[in-house]
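For reference, upload_17.pdb (PDB, C-alpha atoms):
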ATOM      1  CA  MET A 292     -57.548  -6.269-123.704
ATOM      2  CA  ALA A 293     -58.092  -4.015-120.657
ATOM      3  CA  ASP A 294     -56.321  -0.709-120.104
ATOM      4  CA  GLU A 295     -53.365  -0.982-117.802
ATOM      5  CA  ALA A 296     -53.381   1.341-114.774
ATOM      6  CA  THR A 297     -50.199   3.027-113.640
ATOM      7  CA  GLY A 298     -49.043   2.978-110.015
ATOM      8  CA  ASN A 299     -51.009   6.125-109.164
ATOM      9  CA  GLY A 300     -54.270   4.822-110.604
ATOM     10  CA  SER A 301     -54.094   7.090-113.655
ATOM     11  CA  LEU A 302     -55.199   5.860-117.052
ATOM     12  CA  GLU A 303     -53.972   8.946-118.899
ATOM     13  CA  GLU A 304     -51.794   8.472-121.928
ATOM     14  CA  SER A 305     -48.190   9.388-121.339
ATOM     15  CA  PRO A 306     -46.280  11.454-123.868
ATOM     16  CA  ALA A 307     -44.105   9.620-126.391
ATOM     17  CA  ASP A 308     -40.980  10.920-124.616
ATOM     18  CA  PRO A 309     -41.469  10.693-120.809
ATOM     19  CA  ALA A 310     -38.425  12.930-120.305
ATOM     20  CA  GLN A 311     -40.485  15.821-121.736
ATOM     21  CA  ALA A 312     -43.570  15.313-119.528
ATOM     22  CA  GLN A 313     -44.464  18.125-117.160
ATOM     23  CA  GLN A 314     -43.776  17.006-113.606
ATOM     24  CA  LEU A 315     -44.555  18.298-110.139
ATOM     25  CA  ILE A 316     -42.780  16.074-107.640
ATOM     26  CA  VAL A 317     -43.314  16.577-103.912
ATOM     27  CA  ASN A 318     -39.969  15.607-102.368
ATOM     28  CA  ALA A 319     -40.860  16.421 -98.749
ATOM     29  CA  GLN A 320     -43.566  18.036 -96.626
ATOM     30  CA  TYR A 321     -42.897  19.226 -93.093
ATOM     31  CA  ILE A 322     -43.984  21.468 -90.248
ATOM     32  CA  LYS A 323     -41.615  24.406 -90.340
ATOM     33  CA  ASP A 324     -43.220  26.169 -87.367
ATOM     34  CA  LEU A 325     -46.290  25.439 -85.225
ATOM     35  CA  SER A 326     -47.599  27.478 -82.337
ATOM     36  CA  PHE A 327     -50.834  27.009 -80.403
ATOM     37  CA  GLU A 328     -51.727  29.326 -77.549
ATOM     38  CA  ASN A 329     -54.619  28.940 -75.157
ATOM     39  CA  PRO A 330     -54.008  32.105 -73.098
ATOM     40  CA  ARG A 331     -56.931  31.813 -70.685
ATOM     41  CA  ALA A 332     -56.908  28.072 -70.013
ATOM     42  CA  PRO A 333     -58.585  26.534 -68.118
ATOM     43  CA  GLN A 334     -61.252  29.269 -67.904
ATOM     44  CA  SER A 335     -61.621  29.423 -71.691
ATOM     45  CA  LEU A 336     -62.431  25.701 -71.771
ATOM     46  CA  MET A 337     -65.126  25.927 -69.081
ATOM     47  CA  GLN A 338     -67.026  28.848 -70.577
ATOM     48  CA  ALA A 339     -70.220  28.077 -72.386
ATOM     49  CA  GLY A 340     -71.838  30.836 -74.311
ATOM     50  CA  ALA A 341     -71.934  32.559 -77.630
ATOM     51  CA  GLN A 342     -70.052  31.167 -80.599
ATOM     52  CA  PRO A 343     -66.602  32.731 -80.875
ATOM     53  CA  ALA A 344     -65.545  34.754 -83.897
ATOM     54  CA  VAL A 345     -62.996  32.692 -85.809
ATOM     55  CA  GLU A 346     -60.550  34.391 -88.163
ATOM     56  CA  VAL A 347     -58.304  32.506 -90.572
ATOM     57  CA  ASN A 348     -55.562  34.063 -92.698
ATOM     58  CA  VAL A 349     -53.584  32.165 -95.323
ATOM     59  CA  ASP A 350     -50.427  33.068 -97.223
ATOM     60  CA  VAL A 351     -48.117  31.247 -99.617
ATOM     61  CA  LYS A 352     -44.460  32.032-100.192
ATOM     62  CA  ALA A 353     -41.875  30.256-102.319
ATOM     63  CA  GLN A 354     -38.154  30.371-102.840
ATOM     64  CA  ASN A 355     -35.967  28.782-105.457
ATOM     65  CA  LEU A 356     -33.554  26.203-104.017
ATOM     66  CA  GLY A 357     -32.037  25.067-107.301
ATOM     67  CA  PRO A 358     -32.650  24.954-111.049
ATOM     68  CA  GLU A 359     -35.847  22.877-110.726
ATOM     69  CA  THR A 360     -36.340  22.816-106.951
ATOM     70  CA  PHE A 361     -38.494  25.115-104.821
ATOM     71  CA  GLU A 362     -39.483  25.425-101.193
ATOM     72  CA  VAL A 363     -43.136  26.406-100.825
ATOM     73  CA  VAL A 364     -44.395  27.533 -97.402
ATOM     74  CA  LEU A 365     -48.114  27.628 -96.655
ATOM     75  CA  THR A 366     -48.780  29.814 -93.605
ATOM     76  CA  ILE A 367     -52.071  29.605 -91.723
ATOM     77  CA  ASN A 368     -52.909  31.939 -88.841
ATOM     78  CA  ALA A 369     -56.152  31.287 -86.984
ATOM     79  CA  SER A 370     -57.718  32.802 -83.902
ATOM     80  CA  ALA A 371     -60.961  32.421 -81.979
ATOM     81  CA  LYS A 372     -62.236  35.311 -79.882
ATOM     82  CA  THR A 373     -65.281  36.116 -77.833
ATOM     83  CA  ALA A 374     -66.362  39.667 -77.120
ATOM     84  CA  ILE A 375     -63.950  39.856 -74.186
ATOM     85  CA  ASP A 376     -61.393  37.053 -74.521
ATOM     86  CA  THR A 377     -59.062  35.393 -76.971
ATOM     87  CA  LEU A 378     -59.767  31.661 -76.807
ATOM     88  CA  PHE A 379     -56.884  30.461 -78.951
ATOM     89  CA  LEU A 380     -54.201  31.584 -81.389
ATOM     90  CA  LEU A 381     -52.697  29.198 -83.912
ATOM     91  CA  GLU A 382     -49.831  29.761 -86.319
ATOM     92  CA  LEU A 383     -48.684  27.086 -88.753
ATOM     93  CA  SER A 384     -45.939  27.297 -91.363
ATOM     94  CA  PHE A 385     -46.143  24.118 -93.425
ATOM     95  CA  GLY A 386     -43.401  23.618 -95.979
ATOM     96  CA  ALA A 387     -42.790  21.456 -99.003
ATOM     97  CA  VAL A 388     -39.780  20.947-101.225
ATOM     98  CA  VAL A 389     -40.874  20.287-104.794
ATOM     99  CA  THR A 390     -39.178  19.570-108.078
ATOM    100  CA  ILE A 391     -40.805  21.027-111.184
ATOM    101  CA  ARG A 392     -39.701  19.820-114.599
ATOM    102  CA  ASN A 393     -40.604  20.730-118.171
ATOM    103  CA  VAL A 394     -43.008  23.511-117.230
ATOM    104  CA  PRO A 395     -42.950  26.645-119.418
ATOM    105  CA  GLN A 396     -41.533  29.685-117.585
ATOM    106  CA  ASP A 397     -44.835  31.584-117.867
ATOM    107  CA  MET A 398     -46.682  28.722-116.100
ATOM    108  CA  LEU A 399     -44.128  28.327-113.298
ATOM    109  CA  PRO A 400     -45.758  30.794-110.838
ATOM    110  CA  ALA A 401     -49.098  28.992-111.193
ATOM    111  CA  VAL A 402     -47.533  25.573-110.562
ATOM    112  CA  VAL A 403     -45.480  26.781-107.585
ATOM    113  CA  LEU A 404     -48.022  29.118-105.948
ATOM    114  CA  ILE A 405     -51.345  27.462-106.882
ATOM    115  CA  GLU A 406     -50.896  23.755-107.588
ATOM    116  CA  THR A 407     -48.274  23.061-104.921
ATOM    117  CA  PRO A 408     -50.236  24.642-102.017
ATOM    118  CA  ARG A 409     -53.382  22.925-103.335
ATOM    119  CA  LEU A 410     -51.574  19.603-102.811
ATOM    120  CA  MET A 411     -50.247  20.696 -99.401
ATOM    121  CA  PHE A 412     -53.523  22.082 -98.043
ATOM    122  CA  PRO A 413     -55.205  18.844 -96.862
ATOM    123  CA  PHE A 414     -52.168  18.014 -94.732
ATOM    124  CA  ALA A 415     -51.978  21.518 -93.239
ATOM    125  CA  ARG A 416     -55.742  21.509 -92.635
ATOM    126  CA  ASN A 417     -55.393  18.266 -90.689
ATOM    127  CA  ILE A 418     -52.601  19.708 -88.531
ATOM    128  CA  VAL A 419     -54.779  22.749 -87.699
ATOM    129  CA  ALA A 420     -57.766  20.531 -86.843
ATOM    130  CA  ASP A 421     -55.648  18.268 -84.629
ATOM    131  CA  ALA A 422     -53.955  21.196 -82.848
ATOM    132  CA  THR A 423     -57.253  22.925 -82.003
ATOM    133  CA  ARG A 424     -58.806  19.623 -80.889
ATOM    134  CA  ASP A 425     -55.757  18.780 -78.773
ATOM    135  CA  GLY A 426     -55.951  22.295 -77.327
ATOM    136  CA  GLY A 427     -59.389  21.492 -75.895
ATOM    137  CA  PHE A 428     -61.603  23.024 -78.577
ATOM    138  CA  PRO A 429     -63.667  21.545 -81.381
ATOM    139  CA  PRO A 430     -61.430  20.855 -84.405
ATOM    140  CA  LEU A 431     -61.140  23.869 -86.693
ATOM    141  CA  MET A 432     -61.995  22.586 -90.166
ATOM    142  CA  ILE A 433     -60.811  25.219 -92.636
ATOM    143  CA  ASN A 434     -62.858  25.480 -95.816
ATOM    144  CA  PRO A 435     -61.072  24.798 -99.114
ATOM    145  CA  ILE A 436     -58.992  27.718-100.359
ATOM    146  CA  ASP A 437     -58.899  29.184-103.872
ATOM    147  CA  PHE A 438     -55.132  29.548-104.255
ATOM    148  CA  ALA A 439     -55.548  31.113-107.715
ATOM    149  CA  GLU A 440     -57.556  33.955-106.163
ATOM    150  CA  LEU A 441     -54.998  34.269-103.348
ATOM    151  CA  LEU A 442     -52.220  34.642-105.956
ATOM    152  CA  ARG A 443     -54.239  37.268-107.858
ATOM    153  CA  ARG A 444     -54.772  39.286-104.660
ATOM    154  CA  ASN A 445     -51.106  39.055-103.674
ATOM    155  CA  GLN A 446     -49.982  40.122-107.162
ATOM    156  CA  ALA A 447     -52.406  43.061-107.114
ATOM    157  CA  ALA A 448     -51.072  44.154-103.720
ATOM    158  CA  ALA A 449     -47.387  43.732-104.676
ATOM    159  CA  PRO A 450     -45.396  46.839-105.571
ATOM    160  CA  PRO A 451     -44.930  47.335-109.332
ATOM    161  CA  GLY A 452     -41.798  45.747-110.715
ATOM    162  CA  MET A 453     -41.716  43.119-107.974
ATOM    163  CA  PRO A 454     -40.389  39.928-109.547
ATOM    164  CA  SER A 455     -42.335  36.713-109.317
ATOM    165  CA  ILE A 456     -40.683  33.381-108.702
TER     166      ILE A 456
END
Show me, as structure tokens, the structure contained in the file I just sent.
Amino acid sequence: MADEATGNGSLEESPADPAQAQQLIVNAQYIKDLSFENPRAPQSLMQAGAQPAVEVNVDVKAQNLGPETFEVVLTINASAKTAIDTLFLLELSFGAVVTIRNVPQDMLPAVVLIETPRLMFPFARNIVADATRDGGFPPLMINPIDFAELLRRNQAAAPPGMPSI
């Protein structure tokens, strides 16, 4: 007899008691804030020349909304500049409300600040690409992000005694 696939295409065995399974449920994803500026349009769109310098900064923040519910906000700031002009500035705050169940307390920061933004990133990346394309530029395709390394850097830069999630 063939293995039966679940609704998500997974063939993994489920635990004997499904109520005890670790769960990360994405309840909602949304644009919290989006800003695109093209300060020198239309001149910036007519210029041909050297490739602009593109800078991308990413941050992840989370807040507890309830016993098992968190809001995670992935913030992406991007800019493109030539030697003399700023071509565009983009700021995106992309949020998600997630429910996390049956995860040990010591693993909670990793699930909230690594796994959740990893799931959110493709959607945020698409918004950035569409906004830059709609702004008259080639779509900005952000490379994949190592959210584990981002968390390590943020924890190293945090003041001692600063609580995590």
Could the residues of segment 317-396 of chain A that have an atom at most 12 Å from segment 431-453 of chain A be listed as a tab-separated table, each with its closest atom pair and the distance in Å to one decimal, counting only C-alpha atoms and ordered by chain and ascending residue number?
residue	atom	partner	partner_atom	distance
A:Pro343	CA	A:Leu431	CA	11.9
A:Val345	CA	A:Leu431	CA	9.1
A:Glu346	CA	A:Ile433	CA	10.2
A:Val347	CA	A:Ile433	CA	8.0
A:Asn348	CA	A:Ile433	CA	10.3
A:Val349	CA	A:Leu441	CA	8.4
A:Asp350	CA	A:Leu441	CA	7.7
A:Val351	CA	A:Leu442	CA	8.3
A:Lys352	CA	A:Leu442	CA	10.0
A:Ala353	CA	A:Leu442	CA	11.8
A:Leu365	CA	A:Phe438	CA	10.5
A:Ile367	CA	A:Ile433	CA	9.8
A:Asn368	CA	A:Ile433	CA	11.0
A:Ala369	CA	A:Leu431	CA	8.9
A:Ser370	CA	A:Leu431	CA	10.0
A:Ala371	CA	A:Leu431	CA	9.8
A:Phe379	CA	A:Leu431	CA	11.0
A:Leu380	CA	A:Leu431	CA	11.7
A:Leu381	CA	A:Leu431	CA	10.4
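Atom pair atom CA of Asn329 of chain A / atom CA of Thr423 of chain A has a distance of 9.5 Å (rounded to one decimal).
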For Leu378 of chain A, which residue among A:Ser335, A:Thr360, A:Thr407, A:Gln311 is the nearest when counting only C-alpha atoms? A:Ser335
If you count all atoms listed in the file, which residues fall within 10 Å of Pro430 of chain A, apart from same-chain ones fewer than 3 positions away, as a ChimeraX atom specification? /A:417-427,433
Print the selection's residues with C-alpha atoms to a file, as a compact mmCIF listing (two decimals), in the frame of the given file.
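As written to disk, result27.txt reads:
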# COMPACT_ATOMS: atom_id res chain seq x y z
CA ASN A 417 -55.39 18.27 -90.69
CA ILE A 418 -52.60 19.71 -88.53
CA VAL A 419 -54.78 22.75 -87.70
CA ALA A 420 -57.77 20.53 -86.84
CA ASP A 421 -55.65 18.27 -84.63
CA ALA A 422 -53.96 21.20 -82.85
CA THR A 423 -57.25 22.92 -82.00
CA ARG A 424 -58.81 19.62 -80.89
CA ASP A 425 -55.76 18.78 -78.77
CA GLY A 426 -55.95 22.30 -77.33
CA GLY A 427 -59.39 21.49 -75.90
CA ILE A 433 -60.81 25.22 -92.64
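We find atom CA of Met337 of chain A and atom CA of Asp324 of chain A to be spaced 28.5 Å apart.
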Between atom CA of Pro413 of chain A and atom CA of Ile391 of chain A, measure the distance and give it in Å to one decimal. 20.4 Å
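Using all atoms listed in the file for every distance, the candidate list A:Val363, A:Ser326, A:Phe428, A:Phe385 yields A:Val363 as the residue closest to Glu406 of chain A.
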So what does the PyMOL selection byres ((chain A and resi 390) around 9) actually pick up in this one, as number ranges by chain? A: 314-318, 358-361, 388-389, 391-392
Which one of A:Ala312, A:Leu336, A:Ala341, A:Phe414 sits closest to Pro395 of chain A if you count only C-alpha atoms? A:Ala312
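Proximity to Met411 of chain A was assessed for A:Gln320, A:Asn355, A:Gln342, A:Thr377 counting all atoms listed in the file; the smallest distance is recorded for A:Gln320.
The smallest atom-to-atom distance between Gly386 of chain A and any of A:Ile405, A:Ala415, A:Val364, A:Leu410, using all atoms listed in the file, is found for A:Val364.
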Could you put an axis-aligned box around every listed atom of segment 390-395 of chain A, padded by 3 Å on each side, and send me its centre and edge lengths in Å to one decimal, as JSON?
{"center_x": -41.1, "center_y": 23.1, "center_z": -113.7, "size_x": 9.8, "size_y": 13.1, "size_z": 17.3}
Looking at A:Gln313, A:Gln334, A:Asn393, A:Gln354, which one is nearest to Asp376 of chain A, with distances taken over only C-alpha atoms? A:Gln334
